[in-house]
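Okay, structure first, notes after.
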Amino acid sequence: MGTKMQGIIGKKIGMTQMFAADSGKYIPITVIQAGANVVHQVKTVEIDGYSAVQLGFDVVSDKKVTKPLAGHFKKHNSVPTRVVKEFDLDSPEEKVTPGQKIGVEVLDNIKFVNVVGITKGRGFTGGIKRHNFQRGRETHGCKAHRIRGSSGANTTPGHVWKGLRMEGHYGNEQVTVRNLEVVALDKEAGLVLIKGAVPGPNKGIVFINKIITK
């Protein structure tokens, strides 16, 4: 399967470790299951104005997708998937057909990738955890142990400036970690081994994008 595109969808399995064959150094590894992508639609310059491929991941039953998506999958003779994501093709001449299976061979000879994921949600969080503020002293008379303190507004300007770092919602947002090294590919098991941590919990969906310029 020689198809080349700019990315692939995967599921974060968890973290482990391995030792480099040349130096024996310890390497922290994130394991991503990415060998079960299916092509839903191929977009062309003539019809859509640009060339791209729409991939799906995590096959589900018809009952677990919306009716518009179910009709879209049926129109292109593909199976329903929980996740749908569009990626550019390496070149408009790439031959891709709906229903085709795409594996981790997309990342052959790729050394660095960007990984996009949704971070763990932490709810309503204080300033120390959210912004790494320093805590107050525990000594006698100090009443500001973990609170943020003054917001700094005086009679002039008489209001709190927009963007002031305060307590609030933290996490559960899209984050891209760039320039992660691809350590190995397991094509039979459909696994990508990446050096370092990627956003999100175990079983979270991630998008792996190739870096050509690194």
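Going by the structure tokens order, chains are called A, B, ..., each with residues numbered from 1, while ligands are numbered from 1 in the order shown.
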
Exercise. Please provide the set of residues having any atom within 6 Å of segment 41-53 of chain A, restricted to only C-alpha atoms, with same-chain residues fewer than 6 positions apart removed, written as a ChimeraX atom specification.
Key: /A:86-89,92,98

Exercise. Quick one: everything within 9 Å of segment 110-122 of chain A, counting only C-alpha atoms, minus sequence neighbours fewer than 2 positions away in the same chain. Send it as a VMD selection string.
Key: chain A and resid 7 106 to 108 124 to 125 169 to 183 194 198 to 201 204 to 212 214

Produce a file of the selected residues containing N, CA and C atoms, as a short mmCIF file (atom, residue, chain, number, x, y, z; two decimals), in the first residue's frame.
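Just written: out_3.cif:
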```cif
data_model
loop_
_atom_site.label_atom_id
_atom_site.label_comp_id
_atom_site.auth_asym_id
_atom_site.auth_seq_id
_atom_site.Cartn_x
_atom_site.Cartn_y
_atom_site.Cartn_z
N GLY A 7 -1.10 12.74 7.27
CA GLY A 7 -1.37 12.36 8.64
C GLY A 7 -2.22 11.12 8.75
N VAL A 106 1.97 4.85 6.35
CA VAL A 106 1.96 6.26 5.96
C VAL A 106 3.17 6.98 6.55
N LEU A 107 3.65 6.52 7.71
CA LEU A 107 4.76 7.18 8.40
C LEU A 107 6.12 6.56 8.08
N ASP A 108 6.20 5.74 7.04
CA ASP A 108 7.49 5.18 6.64
C ASP A 108 8.49 6.29 6.35
N PHE A 124 -12.68 23.16 37.40
CA PHE A 124 -12.39 24.51 37.91
C PHE A 124 -11.16 24.41 38.82
N THR A 125 -10.08 25.09 38.43
CA THR A 125 -8.78 24.89 39.05
C THR A 125 -8.24 26.20 39.58
N HIS A 169 -11.49 27.34 34.46
CA HIS A 169 -11.51 26.04 33.78
C HIS A 169 -10.13 25.74 33.21
N TYR A 170 -9.67 24.51 33.43
CA TYR A 170 -8.32 24.13 33.01
C TYR A 170 -8.37 22.76 32.36
N GLY A 171 -7.73 22.63 31.21
CA GLY A 171 -7.71 21.36 30.50
C GLY A 171 -8.86 21.22 29.54
N ASN A 172 -9.04 19.99 29.00
CA ASN A 172 -10.10 19.68 28.04
C ASN A 172 -10.07 20.64 26.85
N GLU A 173 -8.87 20.84 26.28
CA GLU A 173 -8.72 21.70 25.13
C GLU A 173 -7.75 21.06 24.14
N GLN A 174 -7.86 21.47 22.90
CA GLN A 174 -6.99 20.89 21.87
C GLN A 174 -5.57 21.44 22.01
N VAL A 175 -4.61 20.54 22.03
CA VAL A 175 -3.20 20.91 22.18
C VAL A 175 -2.39 20.16 21.13
N THR A 176 -1.43 20.85 20.53
CA THR A 176 -0.51 20.23 19.58
C THR A 176 0.89 20.19 20.18
N VAL A 177 1.45 19.00 20.27
CA VAL A 177 2.85 18.84 20.69
C VAL A 177 3.68 18.62 19.44
N ARG A 178 4.66 19.48 19.23
CA ARG A 178 5.40 19.50 17.97
C ARG A 178 6.75 18.79 18.08
N ASN A 179 7.23 18.35 16.93
CA ASN A 179 8.59 17.82 16.79
C ASN A 179 8.84 16.60 17.67
N LEU A 180 7.87 15.68 17.74
CA LEU A 180 8.07 14.44 18.47
C LEU A 180 8.72 13.41 17.55
N GLU A 181 9.65 12.67 18.09
CA GLU A 181 10.41 11.71 17.30
C GLU A 181 9.68 10.37 17.19
N VAL A 182 9.60 9.85 15.97
CA VAL A 182 9.04 8.51 15.75
C VAL A 182 10.16 7.51 15.96
N VAL A 183 10.04 6.69 17.01
CA VAL A 183 11.10 5.74 17.35
C VAL A 183 10.98 4.47 16.52
N ILE A 194 6.27 6.63 19.79
CA ILE A 194 6.72 8.01 19.73
C ILE A 194 7.46 8.37 21.02
N VAL A 198 2.25 12.58 24.74
CA VAL A 198 1.29 13.23 23.84
C VAL A 198 0.05 13.61 24.64
N PRO A 199 -0.73 14.58 24.16
CA PRO A 199 -1.88 15.07 24.94
C PRO A 199 -2.95 14.01 25.09
N GLY A 200 -3.70 14.11 26.21
CA GLY A 200 -4.89 13.31 26.39
C GLY A 200 -4.71 12.08 27.25
N PRO A 201 -5.82 11.47 27.64
CA PRO A 201 -5.77 10.26 28.48
C PRO A 201 -5.53 9.03 27.63
N GLY A 204 -7.57 7.99 24.40
CA GLY A 204 -7.96 9.24 23.76
C GLY A 204 -7.56 9.25 22.29
N ILE A 205 -8.35 9.95 21.47
CA ILE A 205 -8.08 10.04 20.04
C ILE A 205 -7.03 11.13 19.78
N VAL A 206 -6.05 10.80 18.93
CA VAL A 206 -5.01 11.76 18.56
C VAL A 206 -4.85 11.77 17.04
N PHE A 207 -4.36 12.88 16.52
CA PHE A 207 -4.07 13.03 15.10
C PHE A 207 -2.56 13.19 14.94
N ILE A 208 -1.96 12.33 14.15
CA ILE A 208 -0.50 12.36 13.93
C ILE A 208 -0.25 13.01 12.57
N ASN A 209 0.45 14.13 12.57
CA ASN A 209 0.75 14.86 11.34
C ASN A 209 2.25 14.81 11.05
N LYS A 210 2.60 14.52 9.81
CA LYS A 210 3.99 14.43 9.44
C LYS A 210 4.65 15.81 9.39
N ILE A 211 5.95 15.82 9.68
CA ILE A 211 6.75 17.02 9.53
C ILE A 211 7.75 16.77 8.40
N ILE A 212 7.67 17.57 7.37
CA ILE A 212 8.56 17.38 6.23
C ILE A 212 9.79 18.27 6.36
N LYS A 214 11.46 19.28 9.15
CA LYS A 214 12.34 19.13 10.31
C LYS A 214 13.70 18.61 9.87
#
```

Practice problem: Fewer than 2 positions away in the same chain doesn't count, so skip those; otherwise give me all residues within 8 Å of Arg130 of chain A, counting only C-alpha atoms, as a ChimeraX atom specification. | Solution: /A:125-128,132-133,167-168,170

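Here the question is which of A:Gln54, A:Gln134, A:Asn154, A:Thr66 gets nearest to Arg82 of chain A using only C-alpha atoms, and that residue is A:Thr66.
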
Self-check item: Val60 of chain A surroundings by only C-alpha atoms, 12 Å radius, close-in-sequence under 3 positions cut, as a list in words
Solution: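 The residues that qualify are Gly56, Phe57, Lys63, Lys64, Val65, Thr66, Ala70, Phe73, Ser78, Val79, Pro80, Thr81, Arg82 and Val83 of chain A.
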
Practice problem: Give the strand (DSSP E or B) residues of segment 1-193 of chain A, as assigned by DSSP on the backbone, as JSON, numbers by chain. | Solution: {"A": [5, 7, 8, 9, 10, 11, 12, 13, 14, 15, 16, 17, 18, 19, 26, 27, 28, 29, 30, 31, 32, 33, 37, 38, 39, 40, 41, 42, 43, 52, 53, 54, 55, 56, 57, 58, 59, 81, 82, 83, 84, 85, 86, 87, 88, 89, 101, 102, 112, 113, 114, 115, 116, 117, 118, 124, 125, 168, 169, 174, 175, 176, 177, 178, 179, 180, 181, 182, 183, 184, 185, 186, 191, 192, 193]}

Exercise. Name the residues of chain A that come out as helix (DSSP H, G or I) in a backbone DSSP run; write them as a ChimeraX atom specification.
Key: /A:45-48,62-64,67-75,104-107,127-131

Kindly export the residues of the current selection with C-alpha atoms, as a PDB file, in the first residue's frame.
```pdb
ATOM      1  CA  VAL A  45      -9.244  19.840  -7.359  1.00  0.00           C
ATOM      2  CA  GLU A  46     -11.796  19.426 -10.161  1.00  0.00           C
ATOM      3  CA  ILE A  47     -14.772  18.798  -7.868  1.00  0.00           C
ATOM      4  CA  ASP A  48     -13.876  20.276  -4.478  1.00  0.00           C
ATOM      5  CA  ASP A  62     -24.920   2.448  11.988  1.00  0.00           C
ATOM      6  CA  LYS A  63     -26.914   3.243  15.136  1.00  0.00           C
ATOM      7  CA  LYS A  64     -23.994   5.108  16.699  1.00  0.00           C
ATOM      8  CA  LYS A  67     -28.208  10.177   9.995  1.00  0.00           C
ATOM      9  CA  PRO A  68     -26.289  12.714   7.861  1.00  0.00           C
ATOM     10  CA  LEU A  69     -23.012  10.875   8.538  1.00  0.00           C
ATOM     11  CA  ALA A  70     -24.671   7.500   7.922  1.00  0.00           C
ATOM     12  CA  GLY A  71     -25.848   8.756   4.531  1.00  0.00           C
ATOM     13  CA  HIS A  72     -22.380  10.119   3.777  1.00  0.00           C
ATOM     14  CA  PHE A  73     -20.748   6.770   4.545  1.00  0.00           C
ATOM     15  CA  LYS A  74     -23.331   4.887   2.503  1.00  0.00           C
ATOM     16  CA  LYS A  75     -22.857   7.201  -0.487  1.00  0.00           C
ATOM     17  CA  VAL A 104       0.993   3.074   9.811  1.00  0.00           C
ATOM     18  CA  GLU A 105       3.007   2.641   6.603  1.00  0.00           C
ATOM     19  CA  VAL A 106       1.964   6.260   5.958  1.00  0.00           C
ATOM     20  CA  LEU A 107       4.763   7.181   8.403  1.00  0.00           C
ATOM     21  CA  GLY A 127      -4.108  29.597  40.216  1.00  0.00           C
ATOM     22  CA  ILE A 128      -1.336  27.419  41.643  1.00  0.00           C
ATOM     23  CA  LYS A 129      -2.259  24.398  39.524  1.00  0.00           C
ATOM     24  CA  ARG A 130      -3.481  26.366  36.507  1.00  0.00           C
ATOM     25  CA  HIS A 131      -0.747  29.018  36.190  1.00  0.00           C
TER      26      HIS A 131
END
```

Quiz item: Looking at A:Ile8, A:Ala197, A:Leu164, A:Ile13, which one is nearest to Val31 of chain A, with distances taken over only C-alpha atoms?
Solution: A:Ile13

Quiz item: A:Pro157, A:Asn77, A:Lys12, A:Arg146: which is nearest Thr30 of chain A, counting only C-alpha atoms?
Solution: A:Lys12

Self-check item: Point-to-point distance from atom CA of Ala189 of chain A to atom CA of Met15 of chain A, Å rounded to tenths
Solution: 16.3 Å

Quiz item: Of the candidates A:Lys143, A:Ser23, A:Lys4, A:Ile29, which shows the shortest atom-to-atom distance to Leu193 of chain A, using only C-alpha atoms?
Solution: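 The closest residue to Leu193 of chain A is A:Ile29.
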